[in-house]
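So this one's my_file_33.txt, compact mmCIF, C-alpha atoms:
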# COMPACT_ATOMS: atom_id res chain seq x y z
CA MET A 1334 21.56 1.27 -14.03
CA VAL A 1335 17.96 1.21 -12.75
CA ASN A 1336 18.71 4.11 -10.40
CA ARG A 1337 20.02 6.18 -13.32
CA ILE A 1338 16.90 5.43 -15.36
CA PHE A 1339 14.66 6.46 -12.45
CA THR A 1340 16.68 9.67 -11.98
CA LEU A 1341 16.29 10.47 -15.69
CA ILE A 1342 12.53 9.79 -15.58
CA VAL A 1343 12.12 12.09 -12.55
CA LEU A 1344 14.18 14.88 -14.14
CA ILE A 1345 12.08 14.68 -17.31
CA GLY A 1346 8.75 13.63 -15.79
CA ILE A 1347 8.30 16.40 -13.23
CA PRO A 1348 8.78 19.29 -15.72
CA LEU A 1349 6.53 17.47 -18.23
CA SER A 1350 3.89 17.02 -15.52
CA VAL A 1351 3.95 20.74 -14.77
CA LEU A 1352 3.85 21.75 -18.45
CA GLY A 1353 1.16 19.18 -19.27
CA SER A 1354 -1.15 20.43 -16.52
CA ILE A 1355 -0.63 24.07 -17.54
CA PHE A 1356 -1.15 23.57 -21.28
CA HIS A 1357 -3.77 20.78 -20.96
CA TRP A 1358 -1.98 18.17 -23.03
CA PRO A 1359 -3.97 15.02 -24.01
CA SER A 1360 -5.15 13.08 -20.91
CA VAL A 1361 -4.04 9.66 -22.17
CA ILE A 1362 -0.45 10.84 -22.77
CA MET A 1363 -0.31 12.68 -19.45
CA PHE A 1364 -1.73 9.62 -17.64
CA GLY A 1365 1.33 7.66 -18.81
CA VAL A 1366 3.70 10.48 -17.85
CA TYR A 1367 2.18 10.82 -14.38
CA CYS A 1368 2.28 7.07 -13.70
CA LEU A 1369 5.91 6.70 -14.81
CA THR A 1370 6.96 9.74 -12.77
CA ILE A 1371 5.29 8.41 -9.61
CA ILE A 1372 6.91 4.98 -10.08
CA ALA A 1373 10.34 6.57 -10.59
CA LEU A 1374 9.86 8.73 -7.49
CA ALA A 1375 8.93 5.54 -5.65
CA GLY A 1376 12.39 4.23 -6.51
CA PHE A 1377 13.94 7.11 -4.57
CA MET A 1378 11.54 6.48 -1.70
CA GLY A 1379 12.57 2.82 -1.68
CA ARG A 1380 16.29 3.64 -1.52
CA ALA A 1381 15.73 6.21 1.22
CA THR A 1382 13.65 3.74 3.22
CA GLU A 1383 16.30 1.04 2.87
CA SER A 1384 18.89 3.45 4.29
CA LEU A 1385 16.57 4.31 7.18
CA ALA A 1386 15.77 0.63 7.79
CA ILE A 1387 19.49 -0.15 8.24
CA VAL A 1388 19.75 2.66 10.82
CA THR A 1389 16.43 2.14 12.65
CA GLY A 1390 15.80 -1.61 12.28
CA PRO A 1391 13.29 -3.62 10.27
CA ARG A 1392 10.10 -2.73 12.16
CA ILE A 1393 10.50 1.04 12.10
CA GLY A 1394 11.96 0.84 8.57
CA GLY A 1395 8.95 -1.11 7.36
CA LEU A 1396 6.59 1.28 9.17
CA LEU A 1397 8.27 4.30 7.57
CA ASN A 1398 7.99 2.75 4.13
CA ALA A 1399 4.31 1.91 4.62
CA THR A 1400 3.61 5.41 5.96
CA PHE A 1401 5.26 7.28 3.10
CA GLY A 1402 3.88 4.86 0.54
CA ASN A 1403 0.36 5.24 1.91
CA ALA A 1404 0.75 9.01 2.14
CA VAL A 1405 0.74 8.93 -1.67
CA GLU A 1406 -2.50 6.97 -1.76
CA LEU A 1407 -4.06 9.12 0.94
CA ILE A 1408 -3.33 12.23 -1.12
CA ILE A 1409 -4.68 10.67 -4.35
CA SER A 1410 -7.83 9.60 -2.47
CA ILE A 1411 -8.42 13.04 -0.93
CA PHE A 1412 -8.35 14.64 -4.39
CA ALA A 1413 -10.65 11.88 -5.68
CA LEU A 1414 -13.09 12.51 -2.79
CA LYS A 1415 -12.99 16.21 -3.56
CA ALA A 1416 -13.97 15.35 -7.15
CA GLY A 1417 -16.84 13.20 -5.86
CA LEU A 1418 -15.25 9.90 -6.96
CA VAL A 1419 -16.27 7.91 -3.87
CA GLY A 1420 -16.42 4.66 -5.85
CA VAL A 1421 -12.83 5.12 -7.06
CA VAL A 1422 -11.63 5.77 -3.49
CA LEU A 1423 -13.31 2.66 -2.06
CA ALA A 1424 -12.00 0.63 -5.00
CA SER A 1425 -8.46 1.98 -4.49
CA LEU A 1426 -8.61 0.95 -0.81
CA THR A 1427 -9.66 -2.53 -1.94
CA GLY A 1428 -6.85 -2.49 -4.49
CA SER A 1429 -4.32 -1.54 -1.79
CA VAL A 1430 -5.33 -4.46 0.41
CA LEU A 1431 -5.22 -6.89 -2.53
CA GLY A 1432 -2.07 -5.33 -3.98
CA ASN A 1433 -0.09 -5.44 -0.75
CA LEU A 1434 -1.19 -8.90 0.40
CA LEU A 1435 -1.18 -10.66 -2.98
CA LEU A 1436 0.94 -8.65 -5.45
CA VAL A 1437 3.64 -7.13 -3.21
CA ALA A 1438 3.97 -10.12 -0.88
CA GLY A 1439 3.61 -12.51 -3.83
CA LEU A 1440 6.35 -10.84 -5.86
CA SER A 1441 8.59 -10.57 -2.79
CA PHE A 1442 8.23 -14.26 -1.95
CA PHE A 1443 8.61 -15.26 -5.60
CA VAL A 1444 11.67 -13.11 -6.40
CA GLY A 1445 13.37 -13.90 -3.08
CA GLY A 1446 12.51 -17.58 -3.46
CA LEU A 1447 14.20 -17.79 -6.84
CA LYS A 1448 17.47 -16.80 -5.16
CA PHE A 1449 17.03 -18.60 -1.82
CA LYS A 1450 15.40 -22.02 -1.31
CA ARG A 1451 13.80 -20.98 1.97
CA GLN A 1452 13.33 -17.57 3.52
CA GLU A 1453 12.42 -17.04 7.15
CA PHE A 1454 10.88 -14.08 8.95
CA ASN A 1455 9.66 -13.32 12.46
CA VAL A 1456 6.87 -15.84 13.14
CA TYR A 1457 5.65 -13.90 16.19
CA ASP A 1458 5.10 -10.76 14.09
CA ALA A 1459 3.33 -12.86 11.46
CA ARG A 1460 0.89 -14.29 14.01
CA HIS A 1461 0.33 -10.89 15.64
CA ASN A 1462 -0.41 -9.36 12.23
CA SER A 1463 -2.79 -12.23 11.40
CA GLY A 1464 -5.09 -11.25 14.25
CA LEU A 1465 -5.03 -7.61 13.23
CA LEU A 1466 -5.73 -8.49 9.58
CA MET A 1467 -8.73 -10.58 10.65
CA PHE A 1468 -10.03 -7.68 12.70
CA ALA A 1469 -9.25 -4.85 10.28
CA VAL A 1470 -10.67 -6.43 7.13
CA ILE A 1471 -13.07 -9.19 8.13
CA VAL A 1472 -14.61 -7.55 11.23
CA ALA A 1473 -14.38 -3.82 10.48
CA PHE A 1474 -15.24 -4.03 6.77
CA VAL A 1475 -17.80 -6.86 6.75
CA ILE A 1476 -19.82 -5.64 9.77
CA PRO A 1477 -20.81 -2.27 8.18
CA GLU A 1478 -21.88 -4.10 5.03
CA VAL A 1479 -24.13 -6.51 6.98
CA PHE A 1480 -25.73 -3.87 9.22
CA ALA A 1481 -26.09 -1.31 6.40
CA MET A 1482 -28.56 -3.62 4.67
CA ASP A 1483 -31.23 -2.55 7.19
CA MET A 1484 -30.09 1.06 7.65
CA ASN A 1485 -30.69 4.33 5.85
CA GLU A 1486 -27.79 6.49 4.60
CA THR A 1487 -27.60 8.61 7.75
CA LYS A 1488 -27.36 5.62 10.10
CA THR A 1489 -24.87 3.87 7.78
CA LEU A 1490 -22.63 6.94 7.86
CA SER A 1491 -22.92 7.14 11.67
CA LEU A 1492 -21.92 3.46 11.93
CA SER A 1493 -18.97 4.09 9.58
CA ILE A 1494 -17.79 7.05 11.67
CA GLY A 1495 -17.95 5.00 14.88
CA ILE A 1496 -16.02 2.10 13.35
CA SER A 1497 -13.46 4.52 11.86
CA VAL A 1498 -12.69 6.07 15.25
CA ILE A 1499 -12.29 2.59 16.83
CA LEU A 1500 -9.98 1.48 13.99
CA ILE A 1501 -7.72 4.52 14.37
CA ILE A 1502 -7.49 4.06 18.17
CA LEU A 1503 -6.66 0.36 17.83
CA TYR A 1504 -4.06 1.06 15.12
CA LEU A 1505 -2.28 3.57 17.37
CA ALA A 1506 -2.47 1.04 20.21
CA ALA A 1507 -0.94 -1.62 17.93
CA LEU A 1508 1.98 0.71 17.13
CA PHE A 1509 2.47 1.43 20.84
CA PHE A 1510 2.44 -2.32 21.56
CA LYS A 1511 4.97 -3.13 18.82
CA LEU A 1512 7.35 -0.22 19.18
CA VAL A 1513 7.18 0.59 22.91
CA THR A 1514 5.72 -1.89 25.43
CA HIS A 1515 6.73 -5.11 23.62
CA ARG A 1516 9.65 -3.97 21.50
CA GLY A 1517 12.20 -6.80 21.33
CA VAL A 1518 10.09 -9.14 23.51
CA TYR A 1519 9.28 -11.52 20.65
CA GLN A 1520 12.72 -11.92 19.11
CA HIS A 1521 13.33 -14.44 16.34
CA LYS A 1522 16.63 -15.89 15.18
CA THR A 1523 16.35 -13.98 11.87
CA ASP A 1524 16.26 -10.74 13.89
CA LEU A 1525 19.53 -11.64 15.59
CA VAL A 1526 21.62 -12.59 12.55
CA GLU A 1527 21.12 -9.46 10.44
CA GLU A 1528 24.48 -8.69 8.87
CA HIS A 1529 25.95 -5.26 9.39
CA GLU A 1530 25.43 -2.95 6.44
CA GLU A 1531 26.30 0.61 5.67
CA PRO A 1532 23.31 2.73 4.55
CA GLU A 1533 23.52 4.30 1.08
CA TRP A 1534 22.47 7.69 2.49
CA SER A 1535 22.76 9.28 5.93
CA LYS A 1536 19.67 9.41 8.13
CA MET A 1537 19.07 13.12 7.43
CA LYS A 1538 19.62 12.82 3.68
CA ALA A 1539 17.28 9.83 3.47
CA LEU A 1540 14.56 11.71 5.39
CA VAL A 1541 14.91 14.78 3.15
CA ILE A 1542 14.68 12.66 0.00
CA LEU A 1543 11.62 10.85 1.41
CA LEU A 1544 9.88 14.14 2.16
CA LEU A 1545 10.74 15.75 -1.19
CA SER A 1546 9.66 12.63 -3.08
CA THR A 1547 6.36 12.56 -1.22
CA VAL A 1548 5.68 16.22 -2.03
CA ALA A 1549 6.49 15.62 -5.71
CA VAL A 1550 4.27 12.53 -5.79
CA ALA A 1551 1.44 14.53 -4.21
CA TYR A 1552 1.63 17.15 -6.97
CA VAL A 1553 1.72 14.57 -9.76
CA SER A 1554 -1.07 12.56 -8.10
CA GLU A 1555 -3.40 15.54 -8.05
CA ASN A 1556 -3.04 15.84 -11.83
CA LEU A 1557 -3.35 12.08 -12.26
CA VAL A 1558 -6.84 12.07 -10.70
CA HIS A 1559 -8.11 14.46 -13.38
CA THR A 1560 -7.18 12.00 -16.15
CA PHE A 1561 -9.19 9.03 -14.82
CA GLU A 1562 -12.45 9.82 -16.59
CA SER A 1563 -10.88 10.38 -20.02
CA VAL A 1564 -8.60 7.35 -19.76
CA GLY A 1565 -11.48 5.16 -18.58
CA GLU A 1566 -13.58 6.16 -21.60
CA LYS A 1567 -10.66 5.67 -23.98
CA PHE A 1568 -9.74 2.13 -22.84
CA GLY A 1569 -13.15 1.00 -21.62
CA TRP A 1570 -12.01 0.74 -18.00
CA SER A 1571 -14.67 0.87 -15.29
CA GLU A 1572 -14.39 3.11 -12.23
CA LEU A 1573 -13.96 -0.08 -10.18
CA PHE A 1574 -11.06 -1.37 -12.32
CA ILE A 1575 -9.29 2.01 -12.29
CA GLY A 1576 -9.50 2.12 -8.49
CA VAL A 1577 -8.69 -1.51 -7.69
CA ILE A 1578 -5.86 -2.04 -10.18
CA ILE A 1579 -4.48 1.22 -11.65
CA VAL A 1580 -4.67 3.62 -8.68
CA ALA A 1581 -3.61 0.93 -6.21
CA ILE A 1582 -0.54 -0.14 -8.20
CA VAL A 1583 0.63 3.41 -8.94
CA GLY A 1584 -0.24 4.69 -5.47
CA ASN A 1585 1.65 1.86 -3.78
CA ALA A 1586 4.64 1.74 -6.13
CA ALA A 1587 6.99 2.67 -3.27
CA GLU A 1588 6.08 -0.43 -1.24
CA HIS A 1589 6.18 -2.62 -4.36
CA ALA A 1590 9.75 -1.62 -5.18
CA SER A 1591 11.08 -1.67 -1.62
CA ALA A 1592 9.57 -5.00 -0.56
CA ILE A 1593 10.89 -6.82 -3.64
CA ILE A 1594 14.39 -5.33 -3.19
CA MET A 1595 14.40 -6.36 0.48
CA ALA A 1596 13.25 -9.90 -0.35
CA TYR A 1597 15.95 -10.25 -3.01
CA LYS A 1598 18.50 -9.32 -0.33
CA ASN A 1599 16.94 -11.92 2.01
CA LYS A 1600 15.70 -9.21 4.40
CA MET A 1601 12.33 -10.89 4.80
CA ASN A 1602 11.41 -9.20 8.08
CA ILE A 1603 11.38 -5.83 6.32
CA ALA A 1604 9.67 -7.20 3.17
CA VAL A 1605 6.83 -8.78 5.20
CA GLU A 1606 6.54 -5.72 7.44
CA ILE A 1607 6.15 -3.54 4.34
CA ALA A 1608 3.50 -5.74 2.69
CA VAL A 1609 1.43 -6.62 5.76
CA GLY A 1610 2.15 -3.43 7.70
CA SER A 1611 1.01 -1.34 4.75
CA THR A 1612 -2.22 -3.35 4.49
CA LEU A 1613 -2.94 -2.79 8.18
CA GLN A 1614 -2.21 0.90 7.83
CA VAL A 1615 -4.59 1.18 4.85
CA ALA A 1616 -7.39 -0.74 6.60
CA MET A 1617 -6.98 0.69 10.11
CA PHE A 1618 -5.77 4.23 9.42
CA VAL A 1619 -6.06 5.42 5.80
CA ALA A 1620 -9.62 4.13 5.20
CA PRO A 1621 -11.08 5.50 8.48
CA VAL A 1622 -9.27 8.83 8.04
CA LEU A 1623 -10.79 9.14 4.56
CA VAL A 1624 -14.27 8.45 6.01
CA LEU A 1625 -13.74 11.32 8.49
CA ILE A 1626 -12.24 13.65 5.84
CA SER A 1627 -15.21 12.98 3.52
CA LEU A 1628 -17.45 14.69 6.10
CA PHE A 1629 -15.96 17.99 4.93
CA PHE A 1630 -16.95 17.34 1.29
CA PRO A 1631 -20.43 17.45 -0.29
CA GLN A 1632 -20.39 13.69 -0.88
CA ASN A 1633 -19.66 11.59 2.22
CA MET A 1634 -17.98 8.18 2.07
CA PRO A 1635 -19.46 5.40 4.23
CA LEU A 1636 -17.22 2.41 4.95
CA VAL A 1637 -19.37 0.14 2.78
CA PHE A 1638 -17.76 -1.84 -0.06
CA THR A 1639 -19.35 -3.78 -2.92
CA LEU A 1640 -19.76 -7.55 -2.54
CA PRO A 1641 -16.92 -8.40 -5.03
CA GLU A 1642 -14.59 -6.03 -3.16
CA LEU A 1643 -15.43 -7.52 0.23
CA ILE A 1644 -15.12 -11.16 -0.86
CA SER A 1645 -11.80 -10.42 -2.61
CA MET A 1646 -10.33 -8.75 0.47
CA VAL A 1647 -11.51 -11.47 2.86
CA THR A 1648 -10.10 -14.16 0.55
CA ALA A 1649 -6.76 -12.31 0.29
CA VAL A 1650 -6.52 -12.05 4.10
CA LEU A 1651 -7.29 -15.73 4.70
CA LEU A 1652 -4.83 -16.85 1.98
CA THR A 1653 -2.05 -14.59 3.30
CA ILE A 1654 -2.56 -15.77 6.89
CA SER A 1655 -2.40 -19.43 5.86
CA ILE A 1656 0.85 -18.83 3.95
CA THR A 1657 2.68 -16.55 6.40
CA ASN A 1658 1.71 -18.00 9.79
CA ASP A 1659 4.66 -20.46 9.78
CA GLY A 1660 7.27 -17.69 9.40
CA ASP A 1661 8.73 -19.44 6.35
CA THR A 1662 8.24 -18.96 2.62
CA ASN A 1663 9.44 -19.97 -0.87
CA TRP A 1664 8.88 -19.06 -4.52
CA PHE A 1665 5.87 -21.37 -4.94
CA GLU A 1666 3.96 -19.63 -2.14
CA GLY A 1667 4.74 -16.34 -3.88
CA ALA A 1668 3.40 -17.75 -7.15
CA THR A 1669 0.19 -18.80 -5.35
CA LEU A 1670 -0.41 -15.27 -4.08
CA LEU A 1671 0.31 -13.81 -7.54
CA ALA A 1672 -2.12 -16.29 -9.17
CA ALA A 1673 -4.86 -15.17 -6.76
CA TYR A 1674 -4.17 -11.51 -7.61
CA ILE A 1675 -4.36 -12.19 -11.37
CA ILE A 1676 -7.66 -14.08 -10.99
CA MET A 1677 -9.18 -11.17 -9.06
CA GLY A 1678 -7.74 -8.65 -11.55
CA ILE A 1679 -9.43 -10.44 -14.44
CA GLY A 1680 -12.70 -10.43 -12.50
CA PHE A 1681 -12.57 -6.69 -11.77
CA TYR A 1682 -11.64 -5.94 -15.40
CA LEU A 1683 -14.67 -7.83 -16.71
CA LEU A 1684 -17.13 -6.30 -14.22
As structure tokens - that is how I would like this structure written.
Amino acid sequence: MVNRIFTLIVLIGIPLSVLGSIFHWPSVIMFGVYCLTIIALAGFMGRATESLAIVTGPRIGGLLNATFGNAVELIISIFALKAGLVGVVLASLTGSVLGNLLLVAGLSFFVGGLKFKRQEFNVYDARHNSGLLMFAVIVAFVIPEVFAMDMNETKTLSLSIGISVILIILYLAALFFKLVTHRGVYQHKTDLVEEHEEPEWSKMKALVILLLSTVAVAYVSENLVHTFESVGEKFGWSELFIGVIIVAIVGNAAEHASAIIMAYKNKMNIAVEIAVGSTLQVAMFVAPVLVLISLFFPQNMPLVFTLPELISMVTAVLLTISITNDGDTNWFEGATLLAAYIIMGIGFYLL
């Protein structure tokens, strides 16, 4: 039923998106059309990723989902940078970290926990990811903020470029560690009892659908960026709120849908890999790549966040680590993460 609704929305939404951009229909209406279309396309991306995850295994499946999901956000952010909306881009990166760690993981743990009393996942992956989260958010994001206090814009940008290059190198090294040199070394009993399933789509069909969906999302996202200013004025939303909440939720809809579906099916390794893996990819790859891409635009983007953004991200990381480090979860832990996300959402709305 849900799949049919998503198919209908895509079949209607894409032509409406094209017509709306050509004939300049009202921004508020088109904002709704664009958001719904992206979310429906995310449904296809989720189904394709689930098929690939069955074929390739939870780690590569989760990585694929995070990559295609973050490709959407990367594209939205590039168009926003081109439009000079540096504040929106930094806010959307903050929103991705908060959304993945608190909203996606929270909903996954909550929905899965309603069906299963306890859900386990690979504790070794959880502890490995904890160290990377500490580095990617607390070290790499807080350090520029502290040093930038005594630096001019040129030196701040140079610092941001240096940190960005280090982050990208370490992220690639982390992938090499997980998928090549230490693949299968840290096995967990939940990895060994995965039941055999038949994928909904073949490997090639799933890849084609993923690629086509990403292209369609990119087109709709470009138009979505142009509606931000009008929608913000209409509803009284700040640039910060649009970036942290709206762009992050719409841009990461693929991960949201997939992780929750996986958790409901008790495939917690994939659900956690999507939520945490996507956060790491945003912090260690998407953010630094955007810093480097901004060098080609008139307005550069240093890796310096506002104090509310930084404190929110650090808090989200510490809370997630404390909840996931035991490799075990339940609905109440999911509710705790969701409560933290709502509190921060209210704060950003009122800023």
Interatomic distance between CA of Leu1636 (chain A) and CA of Ile1496 (chain A)?
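Atom-to-atom, CA of Leu1636 (chain A) and CA of Ile1496 (chain A) are spaced 8.5 Å apart.
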Enclose region 1563-1571 of chain A, meaning all of its atoms listed in the file, in a box aligned along x, y and z, pad it by 8 Å on each side, and list the centre and edge lengths in Å to one decimal, as lines of an AutoDock Vina configuration file.
center_x = -11.6
center_y = 5.6
center_z = -19.6
size_x = 22.1
size_y = 25.6
size_z = 24.7
Show me, as number ranges by chain, the residues that have an atom within 7 Å of Ala1581 (chain A) when counting all atoms listed in the file, minus same-chain residues fewer than 6 positions from it.
A: 1425, 1428-1429, 1432
Which one is closest to Ala1424 (chain A): A:Tyr1682, A:Ser1627, A:Ile1578, A:Leu1440? Count only C-alpha atoms.
A:Ile1578
Given the choices A:Ala1590, A:Leu1640, A:Leu1573, A:Met1595, which gets closest to Leu1418 (chain A) if the distance is worked out from all atoms listed in the file?
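Ranking A:Ala1590, A:Leu1640, A:Leu1573, A:Met1595 by distance to Leu1418 (chain A), first place goes to A:Leu1573.
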If you count all atoms listed in the file, which residues fall within 7 Å of region 1474-1480 of chain A, apart from same-chain ones fewer than 6 positions away, as a ChimeraX atom specification?
/A:1492-1493,1636-1638,1643
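Residues with any atom within 10 Å of His1461 (chain A), counting only C-alpha atoms and excluding same-chain neighbours fewer than 4 positions away, are Val1456, Tyr1457, Leu1465, Leu1466, Ala1507, Lys1511 and Asn1658 of chain A.
Residue nearest Val1622 (chain A), chosen from A:Leu1652, A:Ala1539, A:Ile1411, A:Ile1579 and counting only C-alpha atoms: A:Ile1411.
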Per residue of region 1523-1620 of chain A within 7 Å of region 1360-1378 of chain A, record the nearest atom pair and its distance in Å to one decimal, counting all atoms listed in the file, with rows in chain order and ascending residue number, as CSV.
residue,atom,partner,partner_atom,distance
A:Leu1543,CA,A:Met1378,CA,5.4
A:Ser1546,CA,A:Leu1374,CA,5.9
A:Val1550,CA,A:Ile1371,CA,5.7
A:Val1553,CA,A:Tyr1367,CA,6.0
A:Leu1557,CA,A:Tyr1367,CA,6.1
A:Thr1560,CA,A:Ser1360,CA,5.3
A:Ser1563,CA,A:Ser1360,CA,6.4
A:Val1564,CA,A:Val1361,CA,5.7
A:Val1583,CA,A:Cys1368,CA,6.2
A:Ala1586,CA,A:Ile1372,CA,5.6
A:Ala1587,CA,A:Ala1375,CA,4.2
A:Ala1590,CA,A:Gly1376,CA,6.6
Choose the residue, out of A:Thr1389, A:Gln1452, A:Thr1489, A:Ser1441, that has the smallest atom-to-atom separation from Leu1512 (chain A); count all atoms listed in the file.
A:Thr1389
Pairwise distance for CA of Arg1460 (chain A) and CA of Phe1510 (chain A), rounded to one decimal in Å:
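Interatomic distance here is 14.2 Å.
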Give me the residues near Val1605 (chain A) as a list of chain:residue names, where near means some atom within 10 Å (using only C-alpha atoms) and where sequence neighbours in that chain fewer than 5 positions away do not count.
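Within the cut-off, the hits are A:Pro1391, A:Arg1392, A:Gly1395, A:Asn1433, A:Leu1434, A:Val1437, A:Ala1438, A:Ser1441, A:Phe1442, A:Phe1454, A:Asn1455, A:Asp1458, A:Ala1459, A:Ala1592, A:Ile1593, A:Met1595, A:Ala1596, A:Lys1600, A:Gly1610, A:Ser1611, A:Thr1657, A:Gly1660.
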